[in-house]
$ cat coords.txt   # compact mmCIF, C-alpha atoms
# COMPACT_ATOMS: atom_id res chain seq x y z
CA MET C 1235 55.02 -136.17 3.84
CA THR C 1236 52.96 -136.19 6.97
CA ALA C 1237 49.21 -135.63 7.26
CA PRO C 1238 48.17 -132.12 8.23
CA LEU C 1239 47.48 -131.62 11.86
CA THR C 1240 43.84 -131.00 12.74
CA PRO C 1241 43.15 -128.09 15.06
CA HIS C 1242 42.13 -128.84 18.60
CA ASP C 1243 38.44 -128.85 19.34
CA PRO C 1244 37.22 -125.64 20.98
CA PRO C 1245 36.65 -125.91 24.74
CA SER C 1246 33.12 -126.91 25.62
CA ASN C 1247 31.11 -125.39 28.46
CA GLU C 1248 29.39 -128.70 29.15
CA PRO C 1249 30.63 -130.52 32.26
CA GLU C 1250 32.79 -133.57 31.73
CA PRO C 1251 31.21 -136.93 32.40
CA GLY C 1252 33.34 -137.52 35.50
CA ALA C 1253 32.85 -134.06 37.00
CA GLY C 1254 30.93 -133.65 40.23
CA PRO C 1255 27.37 -132.29 40.32
CA THR C 1256 26.89 -128.58 40.30
CA GLU C 1257 24.98 -126.77 43.05
CA PRO C 1258 21.28 -126.56 42.16
CA ALA C 1259 19.62 -123.18 42.03
CA LEU C 1260 17.17 -122.20 44.75
CA LEU C 1261 13.76 -123.59 44.07
CA PRO C 1262 10.58 -121.54 44.45
CA VAL C 1263 9.43 -124.07 47.06
CA ASP C 1264 12.33 -123.11 49.34
CA GLU C 1265 11.50 -119.43 48.99
CA ALA C 1266 7.85 -120.10 49.84
CA GLU C 1267 8.86 -122.09 52.92
CA ARG C 1268 11.12 -119.27 54.12
CA ARG C 1269 8.35 -116.72 53.67
CA ALA C 1270 5.89 -118.93 55.53
CA GLU C 1271 8.38 -119.35 58.37
CA THR C 1272 8.96 -115.59 58.52
CA ARG C 1273 5.21 -114.92 58.70
CA ALA C 1274 4.89 -117.48 61.50
CA GLU C 1275 7.69 -115.78 63.46
CA LEU C 1276 6.05 -112.38 63.01
CA ARG C 1277 2.73 -113.74 64.28
CA GLN C 1278 4.44 -115.22 67.33
CA ALA C 1279 6.19 -111.92 68.00
CA ALA C 1280 2.88 -110.04 67.81
CA VAL C 1281 1.25 -112.49 70.23
CA VAL C 1282 4.16 -112.17 72.68
CA ALA C 1283 4.10 -108.36 72.49
CA ALA C 1284 0.35 -108.24 73.12
CA ALA C 1285 0.46 -110.72 76.02
CA VAL C 1286 3.34 -108.94 77.75
CA ALA C 1287 1.72 -105.52 77.24
CA VAL C 1288 -1.53 -106.72 78.82
CA SER C 1289 0.37 -107.97 81.86
CA GLY C 1290 1.26 -104.34 82.55
CA VAL C 1291 -2.22 -104.02 84.07
CA LEU C 1292 -1.11 -106.25 86.95
CA LEU C 1293 2.00 -104.14 87.51
CA GLY C 1294 -0.12 -100.99 87.63
CA LEU C 1295 -2.43 -102.52 90.22
CA LEU C 1296 0.46 -103.63 92.40
CA TRP C 1297 2.20 -100.27 92.11
CA ALA C 1298 -0.93 -98.35 93.14
CA TRP C 1299 -1.35 -100.72 96.08
CA LEU C 1300 2.25 -100.99 97.33
CA ALA C 1301 3.70 -97.55 96.55
CA PRO C 1302 4.06 -95.36 99.67
CA LYS C 1303 1.75 -92.37 99.82
CA VAL C 1304 3.11 -88.83 100.05
CA PRO C 1305 1.22 -86.91 102.78
CA LEU C 1306 0.26 -83.30 102.05
CA ILE C 1307 -1.35 -80.65 104.23
CA SER C 1308 -3.00 -77.33 103.47
CA ASP C 1309 -3.34 -74.19 105.57
CA GLY C 1310 -6.16 -72.87 103.42
CA LYS C 1311 -3.83 -70.80 101.24
CA ALA C 1312 -1.12 -73.21 100.08
CA VAL C 1313 -0.29 -76.91 100.09
CA TYR C 1314 2.83 -78.25 101.81
CA LEU C 1315 4.52 -81.55 102.42
CA LYS C 1316 3.60 -82.79 105.87
CA ASN C 1317 7.08 -84.24 106.25
CA SER C 1318 9.59 -82.30 104.21
CA GLU C 1319 12.29 -84.90 104.86
CA GLY C 1320 10.16 -87.88 103.91
CA GLU C 1321 11.27 -90.33 101.23
CA GLN C 1322 7.84 -91.44 100.07
CA ALA C 1323 8.28 -89.88 96.61
CA ILE C 1324 11.53 -91.79 96.05
CA GLY C 1325 9.85 -94.88 97.43
CA ALA C 1326 7.18 -94.71 94.72
CA ASP C 1327 9.85 -94.76 92.01
CA GLY C 1328 11.75 -97.54 93.76
CA THR C 1329 8.61 -99.64 94.14
CA PHE C 1330 7.84 -99.31 90.45
CA ALA C 1331 11.41 -100.19 89.49
CA LEU C 1332 11.56 -103.30 91.70
CA LEU C 1333 8.20 -104.56 90.51
CA ALA C 1334 9.14 -103.91 86.88
CA LEU C 1335 12.42 -105.81 87.29
CA GLY C 1336 10.54 -108.77 88.72
CA PHE C 1337 8.02 -108.72 85.87
CA GLY C 1338 10.87 -108.45 83.38
CA VAL C 1339 12.65 -111.50 84.78
CA LEU C 1340 9.41 -113.47 84.76
CA SER C 1341 8.36 -112.48 81.24
CA GLY C 1342 11.81 -113.14 79.78
CA ALA C 1343 11.90 -116.62 81.34
CA VAL C 1344 8.35 -117.50 80.27
CA VAL C 1345 8.90 -116.39 76.67
CA PHE C 1346 12.09 -118.43 76.47
CA TRP C 1347 10.36 -121.48 77.94
CA LEU C 1348 7.45 -121.28 75.50
CA ARG C 1349 9.49 -120.33 72.41
CA ARG C 1350 12.94 -121.77 72.94
CA ARG C 1351 13.99 -121.39 69.31
CA GLY C 1352 13.78 -117.62 69.68
CA GLY C 1353 14.54 -115.48 66.66
CA VAL C 1354 14.94 -111.77 66.03
CA PRO C 1355 11.18 -111.06 65.62
CA LEU C 1356 10.41 -112.81 68.91
CA VAL C 1357 13.03 -110.83 70.82
CA ALA C 1358 11.81 -107.60 69.26
CA GLY C 1359 8.25 -108.46 70.26
CA LEU C 1360 9.37 -109.13 73.83
CA ALA C 1361 11.17 -105.78 74.03
CA ALA C 1362 8.27 -103.82 72.52
CA GLY C 1363 5.69 -105.56 74.69
CA SER C 1364 7.72 -104.95 77.83
CA PHE C 1365 8.00 -101.24 77.13
CA LEU C 1366 4.28 -100.97 76.38
CA ALA C 1367 3.57 -102.84 79.61
CA SER C 1368 5.59 -100.29 81.56
CA LEU C 1369 3.62 -97.46 79.98
CA VAL C 1370 0.32 -99.20 80.76
CA ALA C 1371 1.36 -99.78 84.39
CA TRP C 1372 2.50 -96.17 84.81
CA ARG C 1373 -0.70 -94.61 83.50
CA LEU C 1374 -2.96 -97.11 85.26
CA GLY C 1375 -1.20 -96.61 88.60
CA MET C 1376 -1.57 -92.85 88.34
CA TRP C 1377 -5.26 -93.24 87.46
CA LEU C 1378 -5.93 -95.59 90.38
CA GLY C 1379 -3.97 -93.46 92.84
CA PRO C 1380 -5.05 -90.23 94.52
CA THR C 1381 -6.49 -87.53 92.32
CA SER C 1382 -4.07 -85.37 90.38
CA ASP C 1383 -6.06 -82.21 91.19
CA VAL C 1384 -4.19 -81.18 94.35
CA VAL C 1385 -6.21 -77.97 94.78
CA ALA C 1386 -9.52 -79.79 94.71
CA ALA C 1387 -8.19 -82.46 97.09
CA ALA C 1388 -6.99 -79.76 99.53
CA ARG C 1389 -10.36 -78.03 99.48
CA ALA C 1390 -12.16 -81.33 100.02
CA ALA C 1391 -9.89 -82.26 102.93
CA GLY C 1392 -10.03 -78.87 104.62
CA SER C 1393 -7.41 -76.76 106.36
CA GLY C 1394 -4.97 -78.67 108.53
CA VAL C 1395 -6.14 -82.11 107.33
CA VAL C 1396 -3.60 -84.50 105.81
CA PHE C 1397 -4.36 -85.95 102.38
CA ASP C 1398 -2.37 -87.98 99.85
CA ALA C 1399 -0.45 -86.51 96.97
CA PRO C 1400 -0.99 -87.87 93.45
CA LEU C 1401 0.94 -91.00 92.57
CA LYS C 1402 3.55 -90.14 89.98
CA LEU C 1403 6.76 -91.44 88.51
CA ALA C 1404 9.50 -88.84 88.88
CA ALA C 1405 12.30 -90.88 87.28
CA LYS C 1406 11.03 -91.78 83.83
CA GLY C 1407 14.05 -94.00 83.30
CA THR C 1408 12.40 -96.65 85.46
CA LEU C 1409 10.11 -97.35 82.49
CA LEU C 1410 13.06 -99.21 80.94
CA ALA C 1411 13.47 -101.56 83.91
CA TRP C 1412 11.03 -104.13 82.56
CA PRO C 1413 12.37 -104.34 78.95
CA LEU C 1414 16.00 -104.35 80.09
CA ALA C 1415 15.41 -107.14 82.61
CA ALA C 1416 13.39 -109.17 80.11
CA MET C 1417 16.04 -108.87 77.39
CA ALA C 1418 18.88 -109.70 79.79
CA VAL C 1419 17.17 -112.82 81.15
CA HIS C 1420 16.16 -114.03 77.68
CA LEU C 1421 19.71 -113.48 76.39
CA VAL C 1422 21.29 -115.39 79.28
CA LEU C 1423 18.87 -118.29 79.01
CA THR C 1424 19.37 -118.48 75.25
CA ALA C 1425 23.14 -118.53 75.68
CA LEU C 1426 22.96 -121.28 78.34
CA PHE C 1427 20.09 -123.48 77.19
CA GLY C 1428 19.22 -122.40 73.66
CA PRO C 1429 19.44 -124.77 70.66
CA ARG C 1430 22.85 -125.13 69.10
CA ASP C 1431 23.63 -125.30 65.40
CA PRO C 1432 25.19 -128.65 64.46
CA GLU C 1433 28.92 -128.48 63.91
CA PRO C 1434 30.00 -129.22 60.32
CA GLU C 1435 31.60 -132.63 59.88
CA PRO C 1436 35.16 -132.65 58.49
CA ASP C 1437 35.45 -133.56 54.83
CA TRP C 1438 37.99 -136.37 54.75
CA THR C 1439 37.63 -136.83 50.96
CA SER C 1440 38.91 -133.40 50.04
CA GLY C 1441 42.58 -134.47 49.98
CA GLU C 1442 44.28 -135.72 46.84
CA PRO C 1443 45.01 -139.45 46.70
CA ASP C 1444 48.59 -140.56 46.91
CA VAL C 1445 50.22 -141.01 43.49
CA PRO C 1446 52.39 -144.11 43.27
CA ALA C 1447 55.96 -143.56 42.22

$ encode --input "coords.txt" --output "structure tokens"
Amino acid sequence: MTAPLTPHDPPSNEPEPGAGPTEPALLPVDEAERRAETRAELRQAAVVAAAVAVSGVLLGLLWAWLAPKVPLISDGKAVYLKNSEGEQAIGADGTFALLALGFGVLSGAVVFWLRRRGGVPLVAGLAAGSFLASLVAWRLGMWLGPTSDVVAAARAAGSGVVFDAPLKLAAKGTLLAWPLAAMAVHLVLTALFGPRDPEPEPDWTSGEPDVPA
């Protein structure tokens, strides 16, 4: 007679002595570091948005100075364009657009140079600040330009005397010139000169060793 066979031991969930190490769970320290980094990026984005928005004051000053004036004339009863075929009104929009494009290129390049690592919050801050800067420049230019009360200006000038029309922006789409230019320049510079993620090294130990015959 043979001895009775003993049943196999039940499988154990503990790792075998020769097994590789398991991946450790995320530590609270890592989570705290990520939150601190996120807060730092948000602060940088807020600073960028505020700085770019304030620079809209300079655009407003230049627009009020360089934009062509639209001449008006009054006969005492109504106000007319002195030159009905003039392009001064279009020139005001074009001047704003060209200046805004230049400011957008400059702001996008400066932000990339100061914060090369970039990040989504920084880009969002640049876009928001650029749009706010366009709004500031638009309203400031209108305030610095000729009065918006055409009737009062005509009465003050008198009949048959030429006076300037209010400075206005007919094409509101030009307000997007600055943010679009800033985003395009920042995107191109990031693609050309931004930091690159290190390429993963090949794992040469993943193959099975040769088994001798």

$ axis_aligned_box --input "coords.txt" --around "stretch 1263-1278 of chain C" --padding-each-side "3 Å" --output "AutoDock Vina command-line options"
--center_x 7.5 --center_y -118.2 --center_z 57.2 --size_x 15.6 --size_y 17.7 --size_z 26.3

$ residues_around --input "coords.txt" --residues "C:Leu1332" --least-positions-apart "6" --cutoff "10 Å" --atoms "only C-alpha atoms" --output "PyMOL selection string"
chain C and resi 1297+1338+1408+1411-1412

$ closest_residue --input "coords.txt" --among "C:Ala1405, C:Val1345, C:Val1395, C:Ala1367" --to "C:Met1417" --atoms "only C-alpha atoms"
C:Val1345

$ residues_around --input "coords.txt" --residues "stretch 1384-1386 of chain C" --least-positions-apart "5" --cutoff "10 Å" --atoms "all atoms listed in the file" --output "list of chain:residue names"
C:Leu1306, C:Ser1308, C:Lys1311, C:Ala1312, C:Val1313, C:Ala1391, C:Gly1392, C:Phe1397, C:Asp1398, C:Ala1399, C:Pro1400

$ atom_distance --input "coords.txt" --atom1 "atom CA of C:Lys1303" --atom2 "atom CA of C:Ser1368"
20.3 Å

$ residues_around --input "coords.txt" --residues "C:Phe1365" --least-positions-apart "4" --cutoff "10 Å" --atoms "only C-alpha atoms" --output "MDAnalysis selection string"
chainID C and resid 1283 1286:1287 1290 1338 1359:1361 1369:1371 1409:1414

$ closest_residue --input "coords.txt" --among "C:Ala1387, C:Val1419, C:Leu1348, C:Leu1378" --to "C:Val1282" --atoms "all atoms listed in the file"
C:Leu1348

$ atom_distance --input "coords.txt" --atom1 "atom CA of C:Val1422" --atom2 "atom CA of C:Leu1333"
20.4 Å

$ closest_atom_pairs --input "coords.txt" --of "stretch 1319-1381 of chain C" --to "stretch 1268-1279 of chain C" --cutoff "8 Å" --atoms "all atoms listed in the file" --output "JSON lines"
{"residue": "C:Gly1353", "atom": "CA", "partner": "C:Glu1275", "partner_atom": "CA", "distance": 7.6}
{"residue": "C:Pro1355", "atom": "CA", "partner": "C:Ala1279", "partner_atom": "CA", "distance": 5.6}
{"residue": "C:Leu1356", "atom": "CA", "partner": "C:Ala1279", "partner_atom": "CA", "distance": 4.4}
{"residue": "C:Val1357", "atom": "CA", "partner": "C:Ala1279", "partner_atom": "CA", "distance": 7.5}
{"residue": "C:Ala1358", "atom": "CA", "partner": "C:Ala1279", "partner_atom": "CA", "distance": 7.2}
{"residue": "C:Gly1359", "atom": "CA", "partner": "C:Ala1279", "partner_atom": "CA", "distance": 4.6}
{"residue": "C:Leu1360", "atom": "CA", "partner": "C:Ala1279", "partner_atom": "CA", "distance": 7.2}

$ atom_distance --input "coords.txt" --atom1 "atom CA of C:Ile1307" --atom2 "atom CA of C:Asp1327"
21.8 Å

$ closest_residue --input "coords.txt" --among "C:Gly1325, C:Ala1416, C:Arg1350, C:Asp1309" --to "C:Ser1393" --atoms "all atoms listed in the file"
C:Asp1309

$ closest_residue --input "coords.txt" --among "C:Lys1406, C:Gly1352, C:Ala1284, C:Ser1364" --to "C:Leu1335" --atoms "only C-alpha atoms"
C:Ser1364

$ residues_near_point --input "coords.txt" --point "(4.6, -89.0, 97.6)" --cutoff "7 Å" --atoms "only C-alpha atoms" --output "MDAnalysis selection string"
chainID C and resid 1302:1305 1322:1323 1326 1399 1401

$ closest_residue --input "coords.txt" --among "C:Gly1294, C:Ala1285, C:Phe1427, C:Thr1329" --to "C:Ala1362" --atoms "only C-alpha atoms"
C:Ala1285

$ closest_residue --input "coords.txt" --among "C:Asp1383, C:Asp1264, C:Ala1331, C:Val1354" --to "C:Ala1404" --atoms "only C-alpha atoms"
C:Ala1331

$ build_atoms --input "coords.txt" --residues "stretch 1296-1313 of chain C" --atoms "N, CA and C atoms" --output "PDB file, in the frame of the given file"
ATOM      1  N   LEU C1296      -0.452-103.439  91.272  1.00  0.00           N
ATOM      2  CA  LEU C1296       0.460-103.630  92.400  1.00  0.00           C
ATOM      3  C   LEU C1296       1.158-102.339  92.786  1.00  0.00           C
ATOM      4  N   TRP C1297       1.519-101.537  91.798  1.00  0.00           N
ATOM      5  CA  TRP C1297       2.200-100.270  92.110  1.00  0.00           C
ATOM      6  C   TRP C1297       1.274 -99.336  92.871  1.00  0.00           C
ATOM      7  N   ALA C1298       0.022 -99.221  92.433  1.00  0.00           N
ATOM      8  CA  ALA C1298      -0.930 -98.350  93.140  1.00  0.00           C
ATOM      9  C   ALA C1298      -1.205 -98.849  94.557  1.00  0.00           C
ATOM     10  N   TRP C1299      -1.076-100.149  94.762  1.00  0.00           N
ATOM     11  CA  TRP C1299      -1.350-100.720  96.080  1.00  0.00           C
ATOM     12  C   TRP C1299      -0.145-100.628  97.011  1.00  0.00           C
ATOM     13  N   LEU C1300       1.065-100.884  96.481  1.00  0.00           N
ATOM     14  CA  LEU C1300       2.250-100.990  97.330  1.00  0.00           C
ATOM     15  C   LEU C1300       3.051 -99.696  97.436  1.00  0.00           C
ATOM     16  N   ALA C1301       2.900 -98.774  96.519  1.00  0.00           N
ATOM     17  CA  ALA C1301       3.700 -97.550  96.550  1.00  0.00           C
ATOM     18  C   ALA C1301       3.351 -96.727  97.786  1.00  0.00           C
ATOM     19  N   PRO C1302       4.355 -96.195  98.495  1.00  0.00           N
ATOM     20  CA  PRO C1302       4.060 -95.360  99.670  1.00  0.00           C
ATOM     21  C   PRO C1302       3.397 -94.053  99.267  1.00  0.00           C
ATOM     22  N   LYS C1303       2.484 -93.607 100.077  1.00  0.00           N
ATOM     23  CA  LYS C1303       1.750 -92.370  99.820  1.00  0.00           C
ATOM     24  C   LYS C1303       2.526 -91.169 100.368  1.00  0.00           C
ATOM     25  N   VAL C1304       2.448 -90.070  99.633  1.00  0.00           N
ATOM     26  CA  VAL C1304       3.110 -88.830 100.050  1.00  0.00           C
ATOM     27  C   VAL C1304       2.077 -87.948 100.749  1.00  0.00           C
ATOM     28  N   PRO C1305       2.222 -87.705 102.062  1.00  0.00           N
ATOM     29  CA  PRO C1305       1.220 -86.910 102.780  1.00  0.00           C
ATOM     30  C   PRO C1305       1.396 -85.411 102.531  1.00  0.00           C
ATOM     31  N   LEU C1306       0.292 -84.740 102.243  1.00  0.00           N
ATOM     32  CA  LEU C1306       0.260 -83.300 102.050  1.00  0.00           C
ATOM     33  C   LEU C1306      -0.679 -82.685 103.078  1.00  0.00           C
ATOM     34  N   ILE C1307      -0.495 -81.387 103.308  1.00  0.00           N
ATOM     35  CA  ILE C1307      -1.350 -80.650 104.230  1.00  0.00           C
ATOM     36  C   ILE C1307      -1.537 -79.234 103.704  1.00  0.00           C
ATOM     37  N   SER C1308      -2.678 -78.666 103.954  1.00  0.00           N
ATOM     38  CA  SER C1308      -3.000 -77.330 103.470  1.00  0.00           C
ATOM     39  C   SER C1308      -3.376 -76.441 104.651  1.00  0.00           C
ATOM     40  N   ASP C1309      -2.958 -75.165 104.543  1.00  0.00           N
ATOM     41  CA  ASP C1309      -3.340 -74.190 105.570  1.00  0.00           C
ATOM     42  C   ASP C1309      -4.476 -73.282 105.086  1.00  0.00           C
ATOM     43  N   GLY C1310      -5.096 -73.669 103.997  1.00  0.00           N
ATOM     44  CA  GLY C1310      -6.160 -72.870 103.420  1.00  0.00           C
ATOM     45  C   GLY C1310      -5.687 -71.934 102.339  1.00  0.00           C
ATOM     46  N   LYS C1311      -4.374 -71.689 102.260  1.00  0.00           N
ATOM     47  CA  LYS C1311      -3.830 -70.800 101.240  1.00  0.00           C
ATOM     48  C   LYS C1311      -2.858 -71.515 100.322  1.00  0.00           C
ATOM     49  N   ALA C1312      -2.112 -72.476 100.865  1.00  0.00           N
ATOM     50  CA  ALA C1312      -1.120 -73.210 100.080  1.00  0.00           C
ATOM     51  C   ALA C1312      -1.068 -74.648 100.581  1.00  0.00           C
ATOM     52  N   VAL C1313      -0.428 -75.483  99.770  1.00  0.00           N
ATOM     53  CA  VAL C1313      -0.290 -76.910 100.090  1.00  0.00           C
ATOM     54  C   VAL C1313       1.180 -77.190 100.357  1.00  0.00           C
TER      55      VAL C1313
END
